[in-house]
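*Asks:* Have a look at this one.
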There are 2 protein chains.
Amino acid sequence: MAVALALYDPGDEVLVPNPGFVLYGPHARLAGAVPVAYSLVEKGGYLPDLPELERLVTPRTTAIVVNSPSNPTGAVYPKGIVDRIVAFADRHDLTIVSDEVYEEIVYEGTATSFWGRSDRAVIVNSFSKTFATTGWRIGFLVAPRPLAVELNKIHYHIMACPSTPAQVAVLAGLGSTAATRRMVKEFRLRRDLVVRLLSEIPGIELVPPGGAFYAFPRFSWPRSSQDVAGALLGRGVITTPGDAFGSLGASHLRLSFAASRENLRRGIEIIAKYAEAFDAGGR
Amino acid sequence: MAVALALYDPGDEVLVPNPGFVLYGPHARLAGAVPVAYSLVEKGGYLPDLPELERLVTPRTTAIVVNSPSNPTGAVYPKGIVDRIVAFADRHDLTIVSDEVYEEIVYEGTATSFWGRSDRAVIVNSFSKTFATTGWRIGFLVAPRPLAVELNKIHYHIMACPSTPAQVAVLAGLGSTAATRRMVKEFRLRRDLVVRLLSEIPGIELVPPGGAFYAFPRFSWPRSSQDVAGALLGRGVITTPGDAFGSLGASHLRLSFAASRENLRRGIEIIAKYAEAFDAGGR
């Protein structure tokens with residue numbers, strides 16, 4: 001919100017990922033700007049379509065929002081893609097707004113940060129995921145000084161200051177990555193479990209997530225993602241309908257694996273049962 | 001911020017107090033609305049000028065921001081004034097945005113809340129002052145259900161949820177007013193001290209604050225409030241220049257008495273010394 005209110009002017013166009021996290025578009029709108037969705041292409045692992053990005057740029061485009069590792073797709077951008085997005089942004093004088101809150105939750109190798117790769121990159125980060133402290137509401141932001149000065153003014157108008165107890169609390173976690181590494185190790189087991197169990201369900205296709213703690217399977221049933229999520233909710237499983245994340249989220253569900261392996265097994269079993277009706281030709 | 005983004009549309013006019021707290025105008029602007037300052041008249045105790053309010057209303061006026069007890073003036077609106085503001089707002093279909101964060105810090109009688117006096121009143125409150133927990137960043141808001149539904153959406157987009165630890169912490173304070181009453185008793189002693197000491201300084205006039213923990217003296221020295229505040233800062237006293245609170249704050253300083261009586265004595269002594277130069281005809 002601070003980035004949007006500080007850096008977007010009314011009428012500006014802001015490139016936002018589709019599918020992408022639910023806040024980027026509304027934040028742009030709240031600042032009077034216009035969100036313009038760019039595709040993350042499922043085939044190939046939910047990466048941006050660079051030629052499409054070039055076509056979407058207009059003289060009003062001022063920023064591109066990126067999010068790797070991604071919520072909801074779990075995609076982690078390879079360094080080559082990061083480089084190409086940076087070159088694209090530089091070519092068109094765009095500010096890069098990089099949401100890197102899942103940077104430490106990666107299952108192979110490490111995530112490539114946009115930090116240090118562009119003079120126009122604003123890195124938005126949080127302790128919520130790295131320290132599993134979502135409820136503490138404390139994050140941070142890295143930006144070039146001229147932007148940081150403006151961001152700080154807006155930050156005051158939004159929240160005056162970050163919560164003092166939360167600031168003290170996260171200090172305890174800085175300097176040690178042991179707990180985060182243990183957590184990621186457990187998340188990797190869950191990821192493997194979810195990928196395996198979902199692959200056994202007819203009508204489900206999944207790009208295995210390389211980071212974050214979400215699976216974003218596509219289903220082939222003739223139902224909206226709202227309907228499927230609603231039906232599953234009635235059977236005891238909470239999922240997020242894919243189209244909450246943009247038009248390319250249609251026919252998808254977001255599953256979180258911030259749940260025990262036992263509960264993940266039970267939940268996916270319920271999804272498998274739900275799928276059987278379609279498999280048998282039932283509606 | 002949530003009230004502004006949820007309830008003000010671009011081009012709306014919002015009546016904000018002058019002098020008044022520094023955020024009301026910028027919040028309106030950030031929502032694309034236009035803040036329109038209304039006078040709080042020093043003579044008579046910084047109360048609104050009802051005939052002026054009538055003159056300021058246009059077809060675009062959608063809300064009036066009120067703040068009693070007031071930051072920076074310390075004024076507490078008598079019930080008769082609250083009634084007249086409610087009647088004014090009802091007559092023009094205005095939403096009342098009432099910032100009541102100092103409601104428990106009152107030195108004579110009690111503050112009259114706008115809560116329950118209008119179907120269009122949004123009451124903004126906080127635990128910051130009542131529990132002396134400013135750094136915890138937790139407050140609350142009371143609004144008619146249709147507005148609350150919209151406010152809740154914006155609240156999610158601003159901060160997702162209030163800090164969980166802060167929610168648990170303030171629970172400990174609910175249900176007992178003993179600590180707040182002790183605090184207000186001490187603030188009353190400081191208020192009396194500050195009023196007495198300031199009254200002895202030539203060139204200073206003060207409307208004694210009836211609530212909050214600020215004094216808002218007028219000075220007669222031929223200096224801007226920025227200059228006076230800057231000079232005092234150099235001598236070791238932090239004050240806020242009055243014109244930070246609007247044009248009618250010119251030639252005023254805001255003094256906080258959230259400081260020990262000992263420090264208040266030392267600070268006001270420094271102000272008295274600074275005043276002597278003018279008293280002796282010095283510039």
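By order in the structure tokens, chains are A, B, ...; within a chain, residues start at 1; ligands start at 1, following the order shown.
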DSSP on the backbone: which residues in region 83-254 of chain B end up as helix (DSSP H, G or I)? Give the answer as an MDAnalysis selection string.
*Replies:* chainID B and resid 83:91 134:136 145:159 164:171 178:199 225:234 242:245 247:249
*Asks:* List every residue of chain A that has an atom at most 10 Å from any atom of chain B, giving for each one its closest atom pair and the distance in Å to one decimal, counting only C-alpha atoms, sorted by chain and then by ascending residue number, as a tab-separated table.
*Replies:*
```
residue	atom	partner	partner_atom	distance
A:Met1	CA	B:Ile158	CA	6.1
A:Ala2	CA	B:Ile158	CA	8.7
A:Leu5	CA	B:Leu30	CA	7.3
A:Ala6	CA	B:Leu30	CA	9.5
A:Pro10	CA	B:Gly32	CA	8.9
A:Val22	CA	B:His157	CA	9.4
A:Leu23	CA	B:His157	CA	6.7
A:Tyr24	CA	B:His157	CA	9.6
A:Pro26	CA	B:His157	CA	7.7
A:His27	CA	B:His157	CA	7.3
A:Leu30	CA	B:Leu5	CA	7.3
A:Ala31	CA	B:Leu30	CA	7.5
A:Gly32	CA	B:Gly32	CA	7.9
A:Thr133	CA	B:Thr164	CA	9.7
A:Thr134	CA	B:Ser163	CA	8.7
A:Gly135	CA	B:Thr164	CA	5.2
A:Trp136	CA	B:Ser163	CA	4.9
A:Arg137	CA	B:Ser163	CA	5.6
A:Ile138	CA	B:Ser163	CA	8.7
A:Ile154	CA	B:Leu30	CA	9.3
A:Tyr156	CA	B:Leu23	CA	9.4
A:His157	CA	B:Leu23	CA	6.7
A:Ile158	CA	B:Met1	CA	6.1
A:Met159	CA	B:Arg137	CA	7.6
A:Ala160	CA	B:Arg137	CA	8.4
A:Cys161	CA	B:Gly135	CA	7.5
A:Pro162	CA	B:Arg137	CA	7.4
A:Ser163	CA	B:Trp136	CA	4.9
A:Thr164	CA	B:Gly135	CA	5.2
A:Pro165	CA	B:Trp136	CA	6.6
A:Ala166	CA	B:Pro165	CA	8.2
```
*Asks:* Just the strand (DSSP E) stuff from region 151-271 of chain B, please, per backbone DSSP, written as number ranges by chain.
*Replies:* B: 204-205, 214-215, 218-219, 240-241, 253-256
*Asks:* Give the answer as one residue: which of B:Ser251, B:Thr110, B:Thr95, B:Ser199 has the shortest atom-to-atom distance to Ala63 (chain B), using only C-alpha atoms?
*Replies:*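 Closest residue, counting only C-alpha atoms: B:Thr95.
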*Asks:* Using only C-alpha atoms, which protein or nucleic acid residues come within 9 Å of region 11-14 of chain A? Drop anything in the same chain fewer than 3 positions from it, and give the result as a ChimeraX atom specification.
*Replies:* /A:8,24-25,28,32-37,57-65
*Asks:* Of the candidates B:Ile81, B:Val76, B:Val86, B:Ala178, which shows the shortest atom-to-atom distance to Glu100 (chain B), using only C-alpha atoms?
*Replies:* B:Val76
*Asks:* If we count only C-alpha atoms, what is near Phe131 (chain A) at a cut-off of 10 Å, once residues fewer than 2 positions away on the same chain are taken out, given as a compact mmCIF listing (two decimals) with C-alpha atoms, in the first residue's frame?
*Replies:*
```txt
# COMPACT_ATOMS: atom_id res chain seq x y z
CA GLU A 104 13.75 -18.00 1.98
CA SER A 126 8.37 -9.34 5.42
CA PHE A 127 9.27 -11.38 8.46
CA SER A 128 5.85 -13.07 8.20
CA LYS A 129 6.94 -16.07 6.15
CA THR A 133 5.15 -14.50 12.27
CA THR A 134 2.29 -13.48 9.97
CA VAL A 170 11.94 -10.11 15.09
CA GLY A 173 15.27 -14.12 14.83
CA LEU A 174 17.84 -12.07 12.94
CA THR A 177 18.67 -19.14 9.86
CA ALA A 179 14.74 -22.29 12.46
CA THR A 180 13.89 -21.14 8.95
CA MET A 183 10.82 -25.05 8.55
```
*Asks:* Quick one, how far is CA of Gly234 (chain B) from CA of Ile270 (chain B)?
*Replies:*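 Between these atoms lies a distance of 10.6 Å.
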*Asks:* Skipping near chain neighbours, those fewer than 4 positions away, what residues fall within 12 Å of Asp227 (chain A) using only C-alpha atoms, listed as number ranges by chain?
*Replies:* A: 221-223, 231-234, 239-243, 250-253
*Asks:* Those residues with C-alpha atoms, as a short mmCIF file (atom, residue, chain, number, x, y, z; two decimals), in the first residue's frame please?
*Replies:*
```
data_model
loop_
_atom_site.label_atom_id
_atom_site.label_comp_id
_atom_site.auth_asym_id
_atom_site.auth_seq_id
_atom_site.Cartn_x
_atom_site.Cartn_y
_atom_site.Cartn_z
CA TRP A 221 -14.02 -30.34 -14.29
CA PRO A 222 -16.72 -28.18 -15.87
CA ARG A 223 -17.08 -26.00 -12.81
CA ALA A 231 -18.09 -27.60 -2.76
CA LEU A 232 -14.79 -28.58 -1.12
CA LEU A 233 -15.43 -26.16 1.75
CA GLY A 234 -18.72 -27.97 2.36
CA THR A 239 -8.93 -23.91 -0.74
CA THR A 240 -8.81 -20.54 -2.51
CA PRO A 241 -10.59 -20.31 -5.87
CA GLY A 242 -7.98 -19.66 -8.53
CA ASP A 243 -9.78 -16.79 -10.19
CA ALA A 250 -9.77 -19.87 -13.70
CA SER A 251 -10.05 -23.67 -13.37
CA HIS A 252 -7.40 -23.61 -10.66
CA LEU A 253 -7.37 -23.95 -6.90
#
```
*Asks:* Could you tell me how far CA of Val207 (chain A) lies from CA of Gly45 (chain A), in Å and to one decimal?
*Replies:*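 Computed distance, CA of Val207 (chain A) to CA of Gly45 (chain A), equals 6.3 Å.
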*Asks:* Could you tell me how far CA of Glu269 (chain B) sits from CA of Glu200 (chain B), in Å to one decimal place?
*Replies:*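 One can read the CA of Glu200 (chain B) to CA of Glu269 (chain B) distance as 10.4 Å.
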*Asks:* Can you tell me which residues surround Ala258 (chain B) at a distance of at most 9 Å, considering only C-alpha atoms, apart from same-chain residues fewer than 4 positions away, and format the answer as JSON, numbers by chain?
*Replies:* {"B": [187, 190, 213, 214, 264]}
